[in-house]
Amino acid sequence: MSSENLPQSPERAESPEQQRRKPRVAVVFGGRSSEHGISVVTAGAVMKAIDRTKYDVLPIGITADGRWALTADEPERMAITDRKVPDVDLLTGAAEGSVVLSVDPGSREVVYTEPGAVPKALGEVDVVFPVLHGPYGEDGTLQGLLELSGVPYVGAGVLASAVGQDKEYMKRVFISYGLPVGPYEVVRPREWDNDPAAARKRIVDFAGEHGWPLFIKPARGGSSMGITKVDDLAGLDAAIEEARRHDPKFLVEALLRGREIECGVLEFEDGPRASVPAEIPPVTAHDFYDFEAKYIDSATGLVPAPLTEEQTAEVQRLAVAAFDAVSCEGLVRADFFLTEDGSFVINEINTLPGFTPISMYPRMWQESGVSYPELVDRLIQAALTRSTGLR
């Protein structure tokens, strides 16, 4: 993307009489995690939904190696095509230069640089809409940078993002607040590296208590990447290796027999509210609701979930309680199991859930009376009115 084709710095309003510029939204996507491609898909959907009569949009893609790139505003190129997810490096303009956001809280300036060229100021950003999934984006790292920069942003803050990304500490917080959590074990990197036999025995003992199959999953990941359903001891080591390919810390979870129920939480002026819940039916072509089922085969859920009024009220209560327990802001998708004895068990929350128009979170809010464009606008407006720093 040559410098003459760069977005121009918006005119600043100098007086009430002059025309005020539109708020500028930087949509930041891609990133260094294994969920890079899904993040690009989500960003394309968000960019399509942003009302261009109200906002200017600055697309910033983070490449798989961590470079911040200014991409063209072409959301139609950011979709899954031929069962392949998109990549920031393949988007127009991404390969040429890099962008830097000032960490001076007195300036929200974005600067573009190309090799051998004078850096060019692109003007200030009013709010960041981060649509990064996984580590180096959804886990509090980007949120910390934005706090240092003094730039408002959509979604959870540093602590809630970090807790929401780490399934071990998420569960610990839920337990401390009295929320029902299923049986699990955590194996930390040092344990596995120093004494894998002892760690393996602990897992086998866990299986002896709770039964096979088990789920082995990365502690800090999403989109069901790196998760394996293990039916017996023979498949255990391969499952651990796959989980550790995504995160050196991993969880072991017992199978919870029942129905998979999800519920969205959105922050309104008077506090968080829960959407109608959804149900994820069994996916017959897959062992469980994995990455391919979610994004490649586009398995769909039932919205609203066929629950009784009492069950709906209870899962909504628990979803808001999980939102509050982790000190979330903006939005959350809470995932539950409705077990065979009729009780709900919380599996996890997602502080930045899948956000394409066919994703469960927007679909639940659509059914609750909030359209996809309205949802995006509400999140931007909430971020614009919320200051950074301690709160």
# chains A, B, ... in the order shown; residues from 1 in each chain; ligands from 1
>>> select_by_dssp(residues="segment 178-257 of chain A", states="alpha helix (DSSP H)", output="JSON, numbers by chain")
{"A": [189, 190, 191, 192, 193, 194, 196, 197, 198, 199, 200, 201, 202, 203, 204, 205, 206, 207, 208, 209, 210, 236, 237, 238, 239, 240, 241, 242, 243, 244, 245, 246]}
>>> write_last_selection(atoms="N, CA and C atoms", output="mmCIF file, in the first residue's frame")
data_model
loop_
_atom_site.group_PDB
_atom_site.id
_atom_site.type_symbol
_atom_site.label_atom_id
_atom_site.label_comp_id
_atom_site.auth_asym_id
_atom_site.auth_seq_id
_atom_site.Cartn_x
_atom_site.Cartn_y
_atom_site.Cartn_z
ATOM 1 N N PRO A 189 3.626 -26.684 32.688
ATOM 2 C CA PRO A 189 4.797 -27.051 31.875
ATOM 3 C C PRO A 189 5.902 -27.736 32.671
ATOM 4 N N ARG A 190 6.231 -27.213 33.849
ATOM 5 C CA ARG A 190 7.328 -27.775 34.627
ATOM 6 C C ARG A 190 7.022 -29.208 35.060
ATOM 7 N N GLU A 191 5.755 -29.467 35.397
ATOM 8 C CA GLU A 191 5.383 -30.818 35.812
ATOM 9 C C GLU A 191 5.623 -31.823 34.694
ATOM 10 N N TRP A 192 5.163 -31.458 33.497
ATOM 11 C CA TRP A 192 5.316 -32.387 32.374
ATOM 12 C C TRP A 192 6.779 -32.498 31.944
ATOM 13 N N ASP A 193 7.501 -31.399 31.938
ATOM 14 C CA ASP A 193 8.894 -31.417 31.499
ATOM 15 C C ASP A 193 9.787 -32.183 32.470
ATOM 16 N N ASN A 194 9.530 -32.043 33.783
ATOM 17 C CA ASN A 194 10.411 -32.642 34.783
ATOM 18 C C ASN A 194 10.061 -34.088 35.122
ATOM 19 N N PRO A 196 7.171 -36.426 33.484
ATOM 20 C CA PRO A 196 5.958 -36.772 32.737
ATOM 21 C C PRO A 196 5.272 -38.029 33.249
ATOM 22 N N ALA A 197 6.050 -38.971 33.807
ATOM 23 C CA ALA A 197 5.440 -40.200 34.317
ATOM 24 C C ALA A 197 4.493 -39.895 35.476
ATOM 25 N N ALA A 198 4.914 -39.017 36.379
ATOM 26 C CA ALA A 198 4.060 -38.654 37.512
ATOM 27 C C ALA A 198 2.816 -37.911 37.038
ATOM 28 N N ALA A 199 2.990 -37.012 36.068
ATOM 29 C CA ALA A 199 1.843 -36.275 35.529
ATOM 30 C C ALA A 199 0.877 -37.228 34.826
ATOM 31 N N ARG A 200 1.429 -38.172 34.082
ATOM 32 C CA ARG A 200 0.589 -39.146 33.377
ATOM 33 C C ARG A 200 -0.183 -40.008 34.379
ATOM 34 N N LYS A 201 0.472 -40.400 35.462
ATOM 35 C CA LYS A 201 -0.222 -41.202 36.482
ATOM 36 C C LYS A 201 -1.374 -40.426 37.104
ATOM 37 N N ARG A 202 -1.143 -39.144 37.332
ATOM 38 C CA ARG A 202 -2.225 -38.319 37.895
ATOM 39 C C ARG A 202 -3.425 -38.287 36.957
ATOM 40 N N ILE A 203 -3.155 -38.207 35.659
ATOM 41 C CA ILE A 203 -4.243 -38.196 34.675
ATOM 42 C C ILE A 203 -4.965 -39.545 34.671
ATOM 43 N N VAL A 204 -4.193 -40.629 34.725
ATOM 44 C CA VAL A 204 -4.797 -41.962 34.729
ATOM 45 C C VAL A 204 -5.640 -42.164 35.995
ATOM 46 N N ASP A 205 -5.159 -41.669 37.120
ATOM 47 C CA ASP A 205 -5.939 -41.752 38.354
ATOM 48 C C ASP A 205 -7.234 -40.939 38.235
ATOM 49 N N PHE A 206 -7.129 -39.798 37.581
ATOM 50 C CA PHE A 206 -8.314 -38.959 37.347
ATOM 51 C C PHE A 206 -9.325 -39.728 36.496
ATOM 52 N N ALA A 207 -8.833 -40.417 35.452
ATOM 53 C CA ALA A 207 -9.719 -41.224 34.613
ATOM 54 C C ALA A 207 -10.327 -42.370 35.408
ATOM 55 N N GLY A 208 -9.542 -42.932 36.334
ATOM 56 C CA GLY A 208 -10.078 -43.992 37.171
ATOM 57 C C GLY A 208 -11.218 -43.515 38.048
ATOM 58 N N GLU A 209 -11.147 -42.270 38.469
ATOM 59 C CA GLU A 209 -12.204 -41.711 39.321
ATOM 60 C C GLU A 209 -13.421 -41.278 38.522
ATOM 61 N N HIS A 210 -13.188 -40.669 37.341
ATOM 62 C CA HIS A 210 -14.296 -40.068 36.592
ATOM 63 C C HIS A 210 -14.648 -40.808 35.312
ATOM 64 N N LEU A 236 -3.617 -41.148 24.908
ATOM 65 C CA LEU A 236 -3.336 -40.049 25.819
ATOM 66 C C LEU A 236 -2.118 -39.220 25.404
ATOM 67 N N ASP A 237 -0.999 -39.874 25.124
ATOM 68 C CA ASP A 237 0.224 -39.125 24.834
ATOM 69 C C ASP A 237 0.092 -38.271 23.576
ATOM 70 N N ALA A 238 -0.560 -38.785 22.548
ATOM 71 C CA ALA A 238 -0.753 -38.010 21.316
ATOM 72 C C ALA A 238 -1.633 -36.795 21.587
ATOM 73 N N ALA A 239 -2.637 -36.959 22.438
ATOM 74 C CA ALA A 239 -3.521 -35.842 22.778
ATOM 75 C C ALA A 239 -2.775 -34.773 23.556
ATOM 76 N N ILE A 240 -1.904 -35.202 24.477
ATOM 77 C CA ILE A 240 -1.113 -34.239 25.243
ATOM 78 C C ILE A 240 -0.162 -33.486 24.326
ATOM 79 N N GLU A 241 0.464 -34.199 23.408
ATOM 80 C CA GLU A 241 1.371 -33.545 22.462
ATOM 81 C C GLU A 241 0.642 -32.509 21.619
ATOM 82 N N GLU A 242 -0.583 -32.836 21.192
ATOM 83 C CA GLU A 242 -1.361 -31.886 20.389
ATOM 84 C C GLU A 242 -1.736 -30.660 21.219
ATOM 85 N N ALA A 243 -2.154 -30.853 22.459
ATOM 86 C CA ALA A 243 -2.500 -29.714 23.317
ATOM 87 C C ALA A 243 -1.286 -28.831 23.561
ATOM 88 N N ARG A 244 -0.137 -29.451 23.831
ATOM 89 C CA ARG A 244 1.081 -28.698 24.138
ATOM 90 C C ARG A 244 1.652 -28.008 22.903
ATOM 91 N N ARG A 245 1.221 -28.418 21.740
ATOM 92 C CA ARG A 245 1.618 -27.705 20.519
ATOM 93 C C ARG A 245 1.017 -26.295 20.505
ATOM 94 N N HIS A 246 -0.087 -26.126 21.214
ATOM 95 C CA HIS A 246 -0.755 -24.830 21.295
ATOM 96 C C HIS A 246 -0.427 -24.097 22.591
#
>>> residues_around(residues="Ala322 of chain A", least_positions_apart="4", cutoff="8 Å", atoms="only C-alpha atoms", output="NGL selection string")
:A and (174 or 179 or 318 or 326 or 334 or 349)
>>> closest_residue(among="A:Gly93, A:Pro272, A:Gly330, A:Pro306", to="Val154 of chain A", atoms="only C-alpha atoms")
A:Gly330
>>> residues_around(residues="Gly37 of chain A", least_positions_apart="2", cutoff="7 Å", atoms="only C-alpha atoms", output="PyMOL selection string")
chain A and resi 30+35+39-41+85-87
>>> closest_residue(among="A:Gly235, A:Pro152, A:Pro130, A:Gly116", to="Pro23 of chain A", atoms="only C-alpha atoms")
A:Pro152
>>> select_by_dssp(residues="segment 134-250 of chain A", states="strand (DSSP E or B)", output="PyMOL selection string")
chain A and resi 153+181+184-187+214-218+228-230+250
>>> write_last_selection(atoms="C-alpha atoms", output="short mmCIF file (atom, residue, chain, number, x, y, z; two decimals), in the first residue's frame")
data_model
loop_
_atom_site.label_atom_id
_atom_site.label_comp_id
_atom_site.auth_asym_id
_atom_site.auth_seq_id
_atom_site.Cartn_x
_atom_site.Cartn_y
_atom_site.Cartn_z
CA TYR A 153 -11.31 -0.28 23.42
CA VAL A 181 -17.67 -26.41 37.57
CA TYR A 184 -10.70 -31.17 35.95
CA GLU A 185 -6.96 -31.41 36.43
CA VAL A 186 -4.21 -28.99 35.37
CA VAL A 187 -0.75 -30.02 34.21
CA LEU A 214 -11.36 -37.45 28.82
CA PHE A 215 -10.82 -34.14 27.05
CA ILE A 216 -7.26 -32.87 26.80
CA LYS A 217 -7.13 -29.19 25.93
CA PRO A 218 -4.69 -26.26 25.89
CA THR A 228 -8.69 -34.04 21.74
CA LYS A 229 -11.30 -36.43 23.04
CA VAL A 230 -9.37 -39.40 24.44
CA PHE A 250 -2.94 -28.15 29.50
#
>>> closest_residue(among="A:Asp195, A:Glu269, A:Glu260, A:Asp377", to="Phe129 of chain A", atoms="only C-alpha atoms")
A:Asp377
>>> closest_residue(among="A:Ala26, A:Val131, A:Glu74, A:Gly157", to="Arg108 of chain A", atoms="only C-alpha atoms")
A:Ala26
>>> closest_residue(among="A:Val151, A:Leu379, A:His133, A:Gly271", to="Asn350 of chain A", atoms="only C-alpha atoms")
A:His133
>>> atom_distance(atom1="atom CA of Ser387 of chain A", atom2="atom CA of Asp126 of chain A")
11.3 Å
>>> residues_around(residues="Val376 of chain A", least_positions_apart="4", cutoff="7 Å", atoms="only C-alpha atoms", output="NGL selection string")
:A and (46 or 49-50 or 372 or 380)
>>> write_last_selection(atoms="C-alpha atoms", output="CSV table (one decimal), in the first residue's frame")
chain,number,residue,atom,x,y,z
A,46,VAL,CA,-17.4,-6.4,12.0
A,49,ALA,CA,-21.4,-4.0,10.0
A,50,ILE,CA,-19.9,-0.7,11.1
A,372,TYR,CA,-25.7,-7.5,14.3
A,380,ILE,CA,-18.3,0.8,20.1
>>> closest_residue(among="A:Arg32, A:Lys54, A:Arg386, A:Arg259", to="Asp335 of chain A", atoms="only C-alpha atoms")
A:Arg259
